[in-house]
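Undergrad: Here it is, the structure in full.
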Amino acid sequence: MTDVSIMATPALANGPLFGLPLEELWFGLVFAVFGTFLFLDGFDFGVGALFATRTTDGEREQLLASIGPFWDGNEVWLVVFGGMLFAVFPSVYATLFSRHYLLMFAILGALIIRGLAPEMYEQRHDEDWQRWWGRAFIVGSIASPFFLGVFVGNWLFGVEGVASIASLLAGLAVIALTIVDGAAFLGLKTRGDVRLETRSLGHLAQVVYLLLAVATLVVGSRSSPHVALLSVPTLGLLGLTVLLAGVHVVAGWAGRYYLAFAAVAGQVYGLIALAATLLFPLIDPATGLTVADAIVSPLSLNIMTIGSSILLPLIATYFIVLYSSFSGPVEEGESYT
Amino acid sequence: MIDPVIASRLQFAVTTIVHIIFPVMSMGLAPFLIYFTWKEIRTGAQVYEQLRTFWTKIFAISFVVGTVTGIVLEFEFGTNFAAFATAAGELFGGPLALEGMMAFMLEATFLGIFVFGRDRVSDRLYMLSSVLVGLGTWLSAVWILVANSWMQTPRGYEVATESGQPIISLVDPIAAYANPRFPWMYVHMQNAAVLSVALFLTGVAAYFVWTNRDTEFWRTTMKVGLAVLLVTAPFQAIHGDAYGRHVADTQPQKFAAMEAQYETDSGVGLKLVAIPTSLSDITDPHADDLFVIEIPFVASLLASGNDPSATITGLSDIDAESPPVAIVFWAFRAMVGLGTWFILLAFWGGYRWYQGTLFDDDLLAKAFMGSSVLGIFTVELGWIVTEVGRQPWVIQGVMKTHAGVSSSLTGSEALATLVGFVGVYTALLVLYWYVVIRLIRTEAPTRQPTPKRETNIPEEVVPSDD
């Protein structure tokens with residue numbers, strides 16, 4: 001049954017490719033992929049939350065049309081994150097997901113509702129139908145980042161139970177961040193009142209995000225010794241976040257929407273970089289597992305490294321083609337379907 | 001409280017059985033959409049534009065539901081089968097990560113252009129998008145089936161024990177990924193997907209023919225579907241037959257369960273028709289007790305490839321508990337029976353087409369309508385044979401399913417999510433069905449019914465783009 005045929009690949013099995021520090025690189029890459037998911041699907045969530053503030057049919061259609069071509073591709077980053085974590089740190093993937101069993105299904109449930117709702121919303125144009133699917137879209141768009149934030153909080157602070165105060169605060173902070181993200185995205189995709197009103201809400205959410213992010217860290221650091229609040233990377237990344245928040249607001253006022261959006265992207269990656277630096281060299285504080293403990297064998301790691309080095313640049317090309325095909329504000333009368 | 005092992009297995013069964021419907025729709029529709037797009041761009045004919053527009057809507061909703069139900073499956077390996085995920089992460093997680101990067105990304109990004117971009121991009125980029133979306137769906141299946149087939153015929157690995165837990169490491173990626181089962185599974189699955197969608201197209205088109213509201217749109221749908229059916233239905237049977245031989249070689253226990261063969265025997269006949277003679281034969285079939293019409297020696301011949309007196313090892317002589325034989329035995333028979341019906345249906349339709357009376361045979365139209373979703377149903381049966389038939393193993397000969405379940409999982413947690421999924425997925429199926437039917441009724445070109453065979457067919461009613 002088990003005719004294990006060992007052939008070729010001795011070079012790949014001996015050690016990391018070109019002697020690169022692959023453990024650290026992969027730890028960084030997994031977080032970078034999660035950050036990309038949070039930034040890209042984050043604006044889909046934010047647009048969904050801001051959908052609650054739009055009351056006319058035309059404006060609601062505009063919001064749906066703004067994310068229509070993009071959200072599916074954005075969400076695939078979560079699939080890639082899951083796959084990479086599974087492939088490269090299987091024990092972390094397994095213990096983390098099974099430890100937060102109900103939370104993982106809460107995330108999945110919220111994502112199902114959020115993904116389905118816009119499709120359903122467009123199927124019929126009667127009032128009751130659209131009211132209910134509109135609500136489902138809003139609820140899914142707020143619940144998804146909340147549960148994802150709680151998950152990241154639980155992971156970072158090594159929470160054993162369902163959640164802690166710090167991880168709940170992290171959930172709220174991520175909701176605020178996705179609203180900032182969604183509003184900045186709508187700055188690029190809409191005109192007129194929708195753009196101005198969502199911009200103000202985005203600026204408000206920006207202040208709320210900063211307060212919640214600091215609160216999360218302060219509360220979290222009290223129960224988790226590995227969360228070093230007064231360290232150079234923590235204070236540096238917090239300082240950077242405050243700076244980028246300022247850039248976001250000022251650029252928004254100045255009508256420099258691309259710059260504002262880039263400043264939001266910087267904050268999302270900053271948050272994920274902060275989580276990664278606070279964790280390292282641990283990868284799962286709840287079990288005390290380190291990056292070096294959890295990494296797969298050199299052969300698997302090298303194969304994943306070669307595969308990703310070819311595929312990630314290709315994926316970047318797909319996204320450039322997609323986003324440039326739909327650049328500029330949503331045209332009058334464009335809808336989701 | 002319920003055993004978390006049972007609850008996890010039931011939950012995985014429910015979530016995969018529902019999920020697979022949507023990839024079958026998207027993988028099966030992809031070649032049709034590429035063809036319609038190509039014809040639209042080459043001929044500029046309105047009917048191909050309508051075909052491309054309409055079936056893309058069905059593709060898009062299938063893709064969305066497939067995405068959200070697919071993420072669930074990926075997560076379940078971590079949540080419910082943590083011991084399996086920890087042990088086999090190298091061999092199983094790798095293909096999943098590659099699937100996400102190589103296939104799913106391609107599909108999801110170019111789908112944005114394919115669904116929303118007809119007026120925004122050039123014909124060339126649009127055509128390319130249709131091909132890349134299709135390629136994405138088919139590559140996706142490559143990696144998913146690499147992962148699955150490795151569990152059926154594991155190769156290229158070694159097992160070590162680390163603090164009491166088995167750790168399976170990759171030693172030969174080519175042997176592991178190109179394992180013996182993979183090509184069989186891939187061809188069988190992809191052909192099944194195209195066959196299922198061909199049945200769906202002809203079934204829906206037949207409804208409009210039967211109710212006498214057929215337009216050029218539906219007649220073309222019917223002909224394209226039937227042409228594909230004529231190739232895929234016979235091919236599935238020929239290929240399936242050889243696939244069965246491969247299963248007998250590599251998973252004798254599964255093969256014995258498919259045949260309900262408890263006693264090791266030589267010169268075994270192939271049971272063409274098996275009729276239970278008592279109630280217990282249904283729930284607990286034994287080859288020796290059933291009333292069967294069989295072709296002598298053919299099961300032995302199939303299993304061995306050339307020897308009609310070859311020995312088939314019975315379940316009683318295999319040193320592991322048997323899979324649920326009744327499920328495997330009857331699912332296999334139902335699959336083969338339906339596959340045979342699809343071939344007859346294809347030839348019947350092909351003959352009428354040849355006669356020029358394809359749209360005049362009401363009985364044929366009803367047969368197509370009745371078979372519209374039977375292709376997908378048959379795919380489910382095939383997967384049940386594959387997955388139930390390999391029990392008790394999650395990785396054949398290496399790890400048993402019960403040993404793969406998360407140790408931290410409690411019965412009440414597992415029950416809560418199981419009940420949740422049964423509810424949510426039932427709702428999801430109802431909604432999907434509702435949307436597909438609604439799209440068919442409101443978005444496709446149809447016309448007012450006329451008396452049969454009247455020569456002046458009224459103007460086609462083209463739905464407005466809203």
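Ligands are numbered from 1 in the order shown, residues from 1 within each chain, and chains are lettered A, B, ... in the order they appear in the structure tokens.
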How close does chain B get to chain A? List, as JSON lines, each residue of chain B within 6 Å, its nearest atom pair and the distance in Å to one decimal, counting only C-alpha atoms.

TA:
{"residue": "B:Val68", "atom": "CA", "partner": "A:Ile112", "partner_atom": "CA", "distance": 5.3}
{"residue": "B:Gly78", "atom": "CA", "partner": "A:Ala94", "partner_atom": "CA", "distance": 4.3}
{"residue": "B:Thr79", "atom": "CA", "partner": "A:Ser98", "partner_atom": "CA", "distance": 3.9}
{"residue": "B:Ala82", "atom": "CA", "partner": "A:Ala94", "partner_atom": "CA", "distance": 4.4}
{"residue": "B:Ala85", "atom": "CA", "partner": "A:Ala94", "partner_atom": "CA", "distance": 5.8}
{"residue": "B:Thr86", "atom": "CA", "partner": "A:Ser91", "partner_atom": "CA", "distance": 4.6}
{"residue": "B:Gly89", "atom": "CA", "partner": "A:Pro90", "partner_atom": "CA", "distance": 4.9}
{"residue": "B:Glu90", "atom": "CA", "partner": "A:Ala87", "partner_atom": "CA", "distance": 5.5}
{"residue": "B:Gly93", "atom": "CA", "partner": "A:Ala87", "partner_atom": "CA", "distance": 4.0}
{"residue": "B:Gly94", "atom": "CA", "partner": "A:Ala87", "partner_atom": "CA", "distance": 4.5}
{"residue": "B:Leu96", "atom": "CA", "partner": "A:Gly83", "partner_atom": "CA", "distance": 5.2}
{"residue": "B:Ala97", "atom": "CA", "partner": "A:Gly83", "partner_atom": "CA", "distance": 3.9}
{"residue": "B:Gly100", "atom": "CA", "partner": "A:Val80", "partner_atom": "CA", "distance": 5.0}
{"residue": "B:Ala108", "atom": "CA", "partner": "A:Gly73", "partner_atom": "CA", "distance": 4.6}
{"residue": "B:Thr109", "atom": "CA", "partner": "A:Gly73", "partner_atom": "CA", "distance": 4.9}
{"residue": "B:Gly112", "atom": "CA", "partner": "A:Pro69", "partner_atom": "CA", "distance": 4.1}
{"residue": "B:Gly156", "atom": "CA", "partner": "A:Val4", "partner_atom": "CA", "distance": 5.2}
{"residue": "B:Asp172", "atom": "CA", "partner": "A:Ile6", "partner_atom": "CA", "distance": 5.8}

Undergrad: Mind checking DSSP for segment 113-247 of chain A and telling me the helix (DSSP H, G or I) residues as an NGL selection string?

TA: :A and (113-121 or 127-157 or 165-189 or 192-223 or 232-247)

Undergrad: Could you write those residues out with C-alpha atoms, as a CSV table (one decimal), in the first residue's frame?

TA:
chain,number,residue,atom,x,y,z
A,113,ILE,CA,-24.9,36.4,4.7
A,114,ARG,CA,-22.7,39.2,3.4
A,115,GLY,CA,-21.8,37.4,0.2
A,116,LEU,CA,-25.3,36.3,-0.6
A,117,ALA,CA,-27.2,39.5,0.3
A,118,PRO,CA,-26.2,41.7,-2.6
A,119,GLU,CA,-26.9,38.9,-5.1
A,120,MET,CA,-30.3,38.4,-3.5
A,121,TYR,CA,-31.1,42.1,-3.2
A,127,GLU,CA,-39.8,46.9,-1.3
A,128,ASP,CA,-40.1,44.1,1.3
A,129,TRP,CA,-37.6,41.9,-0.5
A,130,GLN,CA,-35.0,44.7,-0.8
A,131,ARG,CA,-35.6,45.9,2.7
A,132,TRP,CA,-34.8,42.5,4.2
A,133,TRP,CA,-31.8,41.7,2.0
A,134,GLY,CA,-30.5,45.2,2.5
A,135,ARG,CA,-30.6,44.6,6.3
A,136,ALA,CA,-29.0,41.2,5.8
A,137,PHE,CA,-26.2,42.9,3.8
A,138,ILE,CA,-25.7,45.5,6.6
A,139,VAL,CA,-25.7,42.9,9.3
A,140,GLY,CA,-23.3,40.6,7.5
A,141,SER,CA,-21.0,43.5,6.6
A,142,ILE,CA,-20.7,44.6,10.3
A,143,ALA,CA,-20.7,41.1,11.8
A,144,SER,CA,-17.9,39.8,9.5
A,145,PRO,CA,-15.2,42.3,10.5
A,146,PHE,CA,-16.4,42.1,14.2
A,147,PHE,CA,-15.9,38.3,14.4
A,148,LEU,CA,-12.7,38.5,12.4
A,149,GLY,CA,-11.4,41.2,14.8
A,150,VAL,CA,-12.3,39.0,17.8
A,151,PHE,CA,-10.5,36.1,16.1
A,152,VAL,CA,-7.3,38.2,15.6
A,153,GLY,CA,-7.7,39.5,19.2
A,154,ASN,CA,-8.1,35.9,20.6
A,155,TRP,CA,-5.1,34.8,18.6
A,156,LEU,CA,-2.8,37.7,19.6
A,157,PHE,CA,-3.7,37.8,23.3
A,165,ILE,CA,-12.6,42.2,26.8
A,166,ALA,CA,-9.5,42.9,24.7
A,167,SER,CA,-10.5,40.7,21.8
A,168,LEU,CA,-14.1,42.2,21.9
A,169,LEU,CA,-12.5,45.6,21.7
A,170,ALA,CA,-10.4,44.4,18.8
A,171,GLY,CA,-13.6,43.3,17.0
A,172,LEU,CA,-15.0,46.8,17.4
A,173,ALA,CA,-11.8,48.4,16.3
A,174,VAL,CA,-11.8,46.3,13.1
A,175,ILE,CA,-15.4,47.3,12.4
A,176,ALA,CA,-14.3,51.0,12.6
A,177,LEU,CA,-11.3,50.3,10.4
A,178,THR,CA,-13.4,48.7,7.7
A,179,ILE,CA,-15.8,51.7,7.8
A,180,VAL,CA,-12.8,54.0,7.3
A,181,ASP,CA,-11.7,51.7,4.4
A,182,GLY,CA,-15.1,51.6,2.8
A,183,ALA,CA,-15.6,55.4,3.0
A,184,ALA,CA,-12.1,55.9,1.4
A,185,PHE,CA,-13.0,53.5,-1.3
A,186,LEU,CA,-16.3,55.3,-2.0
A,187,GLY,CA,-14.3,58.5,-2.3
A,188,LEU,CA,-12.8,56.9,-5.4
A,189,LYS,CA,-16.0,55.3,-6.7
A,192,GLY,CA,-21.6,64.2,-5.1
A,193,ASP,CA,-23.5,63.8,-1.9
A,194,VAL,CA,-22.7,60.2,-1.4
A,195,ARG,CA,-19.0,60.9,-1.6
A,196,LEU,CA,-19.2,63.9,0.8
A,197,GLU,CA,-21.4,62.2,3.4
A,198,THR,CA,-19.6,58.9,3.5
A,199,ARG,CA,-16.3,60.9,3.7
A,200,SER,CA,-17.5,62.6,6.9
A,201,LEU,CA,-18.6,59.2,8.3
A,202,GLY,CA,-15.2,57.8,7.4
A,203,HIS,CA,-13.4,60.6,9.3
A,204,LEU,CA,-15.6,60.0,12.3
A,205,ALA,CA,-14.8,56.3,12.1
A,206,GLN,CA,-11.1,57.1,11.9
A,207,VAL,CA,-11.2,58.8,15.3
A,208,VAL,CA,-13.1,55.9,16.7
A,209,TYR,CA,-10.6,53.4,15.3
A,210,LEU,CA,-7.6,55.2,16.9
A,211,LEU,CA,-9.3,55.2,20.3
A,212,LEU,CA,-10.4,51.6,20.0
A,213,ALA,CA,-7.0,50.4,18.8
A,214,VAL,CA,-5.2,52.0,21.7
A,215,ALA,CA,-7.8,50.7,24.2
A,216,THR,CA,-7.4,47.2,22.7
A,217,LEU,CA,-3.7,47.3,23.2
A,218,VAL,CA,-3.8,48.7,26.7
A,219,VAL,CA,-6.4,46.2,27.9
A,220,GLY,CA,-4.7,43.3,26.1
A,221,SER,CA,-1.2,44.0,27.4
A,222,ARG,CA,-2.4,43.8,31.0
A,223,SER,CA,-3.3,40.1,30.7
A,232,VAL,CA,10.0,50.5,19.9
A,233,PRO,CA,8.0,48.5,17.3
A,234,THR,CA,4.7,49.0,19.1
A,235,LEU,CA,5.1,52.7,19.7
A,236,GLY,CA,6.6,53.1,16.2
A,237,LEU,CA,3.7,51.4,14.5
A,238,LEU,CA,1.2,53.2,16.7
A,239,GLY,CA,2.9,56.5,15.8
A,240,LEU,CA,2.7,55.6,12.1
A,241,THR,CA,-0.9,54.8,12.4
A,242,VAL,CA,-1.7,58.2,13.9
A,243,LEU,CA,0.3,59.9,11.2
A,244,LEU,CA,-1.5,57.9,8.5
A,245,ALA,CA,-4.8,58.7,10.1
A,246,GLY,CA,-3.9,62.4,9.8
A,247,VAL,CA,-2.9,62.0,6.2

Undergrad: Skip segment 213-226 of chain B itself and residues of its chain fewer than 6 positions away, then list as a VMD selection string all residues within 9 Å of it, counting only C-alpha atoms.

TA: chain B and resid 32 47 to 48 50 to 51 195 197 to 207 346 349 to 350 353 358 to 359 444 to 450 457 460

Undergrad: Could you work out how far atom CA of Tyr177 of chain B lies from atom CA of Met101 of chain B, giving the answer in Å with one decimal?

TA: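 Interatomic distance, atom CA of Met101 of chain B to atom CA of Tyr177 of chain B: 16.5 Å.
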
Undergrad: Nearest to Phe77 of chain B among B:Tyr354, B:Trp330, B:Phe59, B:Phe12, with distances taken over only C-alpha atoms: which residue is it?

TA: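 Going through B:Tyr354, B:Trp330, B:Phe59, B:Phe12 one by one, the smallest distance to Phe77 of chain B is for B:Phe12.
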
Undergrad: What gap, in Å, lies between atom CA of Asp361 of chain B and atom CA of Ile437 of chain B?

TA: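 The value is 23.7 Å.
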
Undergrad: Can you tell me how far atom CA of Gly375 of chain B sits from atom CA of Leu135 of chain B, in Å to one decimal?

TA: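 If I compute the distance from atom CA of Gly375 of chain B to atom CA of Leu135 of chain B, I get 22.0 Å.
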
Undergrad: When DSSP works through the backbone of this structure, what residues of segment 128-290 of chain B end up as strand (DSSP E), shown as a VMD selection string?

TA: chain B and resid 157 to 162 165 to 170 265 to 266 270 to 275

Undergrad: What's around Leu279 of chain B at 12 Å? Count only C-alpha atoms, leave out sequence neighbours fewer than 4 positions away in its own chain, and write the answer as a PyMOL selection string.

TA: chain B and resi 275+283-285+289-290+326

Undergrad: Can you work out which one of B:Val228, B:Ile312, B:Ala233, B:Leu415 has the shortest atom-to-atom distance to Pro252 of chain B, counting only C-alpha atoms?

TA: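 Going through B:Val228, B:Ile312, B:Ala233, B:Leu415 one by one, the smallest distance to Pro252 of chain B is for B:Ile312.
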